[in-house]
$ cat model19.cif   # mmCIF, C-alpha atoms
data_structure
#
loop_
_atom_site.label_atom_id
_atom_site.label_comp_id
_atom_site.auth_asym_id
_atom_site.auth_seq_id
_atom_site.Cartn_x
_atom_site.Cartn_y
_atom_site.Cartn_z
CA MET A 1 20.30 -15.77 13.59
CA MET A 2 18.54 -15.84 10.25
CA HIS A 3 16.72 -12.48 10.50
CA SER A 4 17.74 -9.40 12.36
CA PRO A 5 15.00 -7.35 13.98
CA ARG A 6 13.56 -4.73 11.69
CA PRO A 7 14.73 -1.20 12.57
CA ALA A 8 12.16 1.39 13.62
CA LEU A 9 13.19 3.62 10.71
CA MET A 10 12.26 2.76 7.16
CA SER A 11 14.85 2.03 4.54
CA PRO A 12 15.86 4.63 1.95
CA ALA A 13 14.43 2.27 -0.68
CA LEU A 14 11.00 2.38 0.95
CA ALA A 15 11.22 6.15 1.06
CA ALA A 16 11.85 6.05 -2.72
CA VAL A 17 8.71 3.98 -3.33
CA LEU A 18 6.71 6.35 -1.15
CA ALA A 19 8.14 9.26 -3.14
CA LEU A 20 6.72 7.59 -6.27
CA VAL A 21 3.30 7.61 -4.65
CA LEU A 22 3.74 11.27 -3.82
CA SER A 23 4.91 12.21 -7.29
CA VAL A 24 1.95 10.60 -9.03
CA ALA A 25 -0.65 12.30 -6.84
CA PRO A 26 -0.99 15.67 -8.60
CA HIS A 27 -3.42 17.34 -6.24
CA ALA A 28 -2.94 18.28 -2.62
CA ALA A 29 -6.66 18.15 -1.90
CA ALA A 30 -7.82 17.02 1.49
CA ALA A 31 -7.29 13.30 1.76
CA GLN A 32 -10.10 11.05 2.72
CA GLU A 33 -9.81 9.94 6.35
CA ALA A 34 -9.49 6.22 6.69
CA THR A 35 -8.20 3.98 9.37
CA ALA A 36 -6.37 0.78 8.77
CA PRO A 37 -8.14 -2.26 10.07
CA ALA A 38 -6.47 -3.66 13.15
CA ALA A 39 -4.10 -6.48 12.40
CA SER A 40 -5.72 -9.64 13.65
CA GLY A 41 -2.87 -12.01 12.79
CA GLN A 42 -1.56 -14.21 15.54
CA PRO A 43 2.18 -14.80 15.90
CA ALA A 44 3.52 -17.21 13.34
CA PRO A 45 4.01 -20.86 14.25
CA ALA A 46 7.13 -21.80 16.19
CA THR A 47 8.98 -22.59 12.94
CA ALA A 48 8.92 -18.91 11.90
CA PRO A 49 11.78 -16.64 12.97
CA ALA A 50 11.08 -14.41 15.97
CA ALA A 51 11.69 -11.27 13.87
CA GLU A 52 8.44 -11.92 11.99
CA SER A 53 6.35 -11.74 15.15
CA LYS A 54 7.40 -8.17 15.92
CA PRO A 55 5.95 -5.76 13.36
CA ALA A 56 7.54 -2.46 12.42
CA PRO A 57 5.79 0.49 14.06
CA TYR A 58 4.48 1.63 10.67
CA ASP A 59 3.12 -1.73 9.47
CA GLY A 60 -0.54 -0.74 9.91
CA ARG A 61 0.00 2.34 7.77
CA LEU A 62 1.97 0.30 5.26
CA GLU A 63 -0.89 -2.17 4.94
CA ARG A 64 -3.34 0.68 4.36
CA LEU A 65 -0.99 2.11 1.72
CA SER A 66 -0.90 -1.33 0.07
CA GLU A 67 -4.69 -1.40 0.00
CA ILE A 68 -4.73 2.07 -1.57
CA LEU A 69 -2.22 0.99 -4.23
CA GLY A 70 -4.49 -1.95 -5.12
CA GLY A 71 -7.54 0.26 -5.43
CA VAL A 72 -5.74 2.86 -7.51
CA HIS A 73 -4.28 0.14 -9.74
CA TYR A 74 -7.78 -1.16 -10.51
CA LEU A 75 -9.37 2.25 -11.02
CA ARG A 76 -6.58 3.67 -13.20
CA ASN A 77 -6.69 0.68 -15.51
CA LEU A 78 -10.47 0.84 -15.61
CA CYS A 79 -10.46 4.49 -16.70
CA LEU A 80 -7.34 4.79 -18.87
CA LYS A 81 -7.31 3.92 -22.56
CA ALA A 82 -3.89 2.30 -22.30
CA LYS A 83 -3.26 -0.10 -19.44
CA GLU A 84 -0.50 0.75 -16.98
CA ASP A 85 1.32 -1.33 -14.40
CA THR A 86 2.84 1.55 -12.40
CA TRP A 87 0.92 0.82 -9.21
CA ARG A 88 1.40 -2.96 -9.28
CA THR A 89 5.11 -2.44 -9.90
CA ALA A 90 5.29 0.04 -7.00
CA MET A 91 3.62 -2.58 -4.80
CA GLU A 92 6.04 -5.28 -5.89
CA ASP A 93 8.95 -2.95 -5.08
CA LEU A 94 7.42 -2.10 -1.72
CA ILE A 95 7.03 -5.78 -0.83
CA ALA A 96 10.56 -6.61 -1.95
CA MET A 97 12.05 -3.76 0.08
CA GLU A 98 9.94 -4.03 3.20
CA ALA A 99 9.16 -7.73 3.57
CA GLY A 100 12.36 -9.26 2.23
CA SER A 101 12.19 -12.93 3.14
CA GLU A 102 9.46 -12.51 5.77
CA GLN A 103 6.72 -14.62 4.21
CA ALA A 104 3.97 -13.61 6.67
CA ARG A 105 4.65 -9.94 6.05
CA LYS A 106 4.66 -10.46 2.26
CA GLU A 107 1.30 -12.19 2.57
CA ARG A 108 -0.20 -9.38 4.65
CA LEU A 109 0.93 -6.69 2.20
CA THR A 110 -0.22 -8.71 -0.81
CA ALA A 111 -3.58 -9.39 0.82
CA ALA A 112 -4.04 -5.68 1.49
CA PHE A 113 -3.24 -4.81 -2.15
CA ASN A 114 -5.68 -7.46 -3.38
CA ARG A 115 -8.35 -6.30 -0.93
CA GLY A 116 -8.09 -2.76 -2.33
CA TYR A 117 -8.24 -4.05 -5.90
CA ARG A 118 -11.21 -6.34 -5.29
CA SER A 119 -13.17 -3.77 -3.32
CA PHE A 120 -13.35 -1.51 -6.36
CA ALA A 121 -13.72 -4.38 -8.83
CA SER A 122 -16.89 -5.37 -6.99
CA VAL A 123 -18.35 -1.86 -7.34
CA TYR A 124 -17.15 -0.50 -10.71
CA ALA A 125 -17.39 -2.46 -13.94
CA SER A 126 -16.90 0.63 -16.11
CA CYS A 127 -15.30 4.02 -15.66
CA THR A 128 -17.76 6.48 -14.20
CA GLU A 129 -17.42 9.94 -12.75
CA GLN A 130 -17.61 8.38 -9.28
CA ALA A 131 -14.78 5.98 -10.16
CA VAL A 132 -12.60 8.92 -11.25
CA VAL A 133 -13.36 10.77 -8.00
CA ALA A 134 -12.63 7.63 -5.95
CA GLU A 135 -9.29 7.19 -7.73
CA GLN A 136 -8.34 10.82 -7.05
CA ARG A 137 -9.30 10.53 -3.39
CA TYR A 138 -7.33 7.33 -2.98
CA ARG A 139 -4.26 8.85 -4.63
CA ASN A 140 -4.56 11.84 -2.29
CA GLU A 141 -4.95 9.59 0.73
CA GLY A 142 -1.94 7.55 -0.42
CA ALA A 143 0.14 10.71 -0.83
CA THR A 144 -0.85 11.91 2.63
CA LEU A 145 -0.10 8.52 4.15
CA ALA A 146 3.26 8.30 2.36
CA THR A 147 4.16 11.76 3.65
CA GLU A 148 3.24 10.79 7.21
CA ILE A 149 5.20 7.51 7.06
CA THR A 150 8.24 9.24 5.57
CA ALA A 151 8.14 12.15 8.02
CA ARG A 152 7.75 9.96 11.06
CA PHE A 153 9.82 6.88 10.22
CA GLY A 154 12.14 7.94 7.38
CA ASN A 155 15.84 8.23 8.07
#
$ encode --input "model19.cif" --output "C-alpha cells"
Amino acid sequence: MMHSPRPALMSPALAAVLALVLSVAPHAAAAQEATAPAASGQPAPATAPAAESKPAPYDGRLERLSEILGGVHYLRNLCLKAKEDTWRTAMEDLIAMEAGSEQARKERLTAAFNRGYRSFASVYASCTEQAVVAEQRYRNEGATLATEITARFGN
C-alpha cells in the first residue's frame, strides 16, 4: 500500500505551524465568524490511492485556515514597509506536513491560499484603514481556528 490512511489526530508538526499562527496574532479580540465553503471535490480518478478520497475530519477547517493565511499574506505585504514571507512559508510548511504526497490535497490547500490572497488583491490596491482592520480580523480568526483545530484534533 502506497499511502496509509490519515489518522484522525493531527501531527505534532501541524500543531507547530498552528502555534505560529497563534503566536503572530497579538490580540484576542472576537474573531470574525466564517464558515468554510463545502468541499465540492469528487473522489479522485481510479489511479489515485484510496487514502486521498477520505479526508481528515479537520480538512474543511484546514482549508479555511489556508484561505486566511493567503489573505493575511497579501494584506501584511500591502501594509508593511518591508516585505515578509512569514505567511507563505507557514503555508508551505502546512502543505508539506499535512498533504505529503497527496497531490489532490496539496491542490486544495494551495487553491484555498490563493483564493484568500486574490480576494483581497481584488479589493485593496493600497493599504487603507479598512485593509489593516481586515488583516487584524483575519489573524484573529486564524488564531481562533488554529486553537480549535489543535484542541480538538491535536495529540
$ resolve_selection --input "model19.cif" --expression "the PyMOL selection byres ((chain A and resi 111-121) around 8)" --output "VMD selection string"
chain A and resid 63 to 64 66 to 75 91 107 to 110 122 to 125
$ atom_distance --input "model19.cif" --atom1 "atom CA of Ser126 of chain A" --atom2 "atom CA of Leu80 of chain A"
10.8 Å
$ resolve_selection --input "model19.cif" --expression "the PyMOL selection byres ((chain A and resi 133-135) around 8)" --output "list in words"
Gly71, Val72, Leu75, Arg76, Glu129, Gln130, Ala131, Val132, Gln136, Arg137, Tyr138 and Arg139 of chain A
$ write_last_selection --input "model19.cif" --atoms "C-alpha atoms" --output "PDB file, in the coordinates of the input"
ATOM      1  CA  GLY A  71      -7.540   0.260  -5.430  1.00  0.00           C
ATOM      2  CA  VAL A  72      -5.740   2.860  -7.510  1.00  0.00           C
ATOM      3  CA  LEU A  75      -9.370   2.250 -11.020  1.00  0.00           C
ATOM      4  CA  ARG A  76      -6.580   3.670 -13.200  1.00  0.00           C
ATOM      5  CA  GLU A 129     -17.420   9.940 -12.750  1.00  0.00           C
ATOM      6  CA  GLN A 130     -17.610   8.380  -9.280  1.00  0.00           C
ATOM      7  CA  ALA A 131     -14.780   5.980 -10.160  1.00  0.00           C
ATOM      8  CA  VAL A 132     -12.600   8.920 -11.250  1.00  0.00           C
ATOM      9  CA  GLN A 136      -8.340  10.820  -7.050  1.00  0.00           C
ATOM     10  CA  ARG A 137      -9.300  10.530  -3.390  1.00  0.00           C
ATOM     11  CA  TYR A 138      -7.330   7.330  -2.980  1.00  0.00           C
ATOM     12  CA  ARG A 139      -4.260   8.850  -4.630  1.00  0.00           C
TER      13      ARG A 139
END
$ atom_distance --input "model19.cif" --atom1 "atom CA of Arg105 of chain A" --atom2 "atom CA of Thr89 of chain A"
17.6 Å
$ atom_distance --input "model19.cif" --atom1 "atom CA of Met97 of chain A" --atom2 "atom CA of Glu84 of chain A"
21.7 Å
$ closest_residue --input "model19.cif" --among "A:Glu102, A:Asp93, A:Asp85, A:Glu148" --to "Tyr58 of chain A" --atoms "all atoms listed in the file"
A:Glu148
$ closest_residue --input "model19.cif" --among "A:Lys83, A:Lys54, A:Leu62, A:Ala146" --to "Glu98 of chain A" --atoms "all atoms listed in the file"
A:Leu62
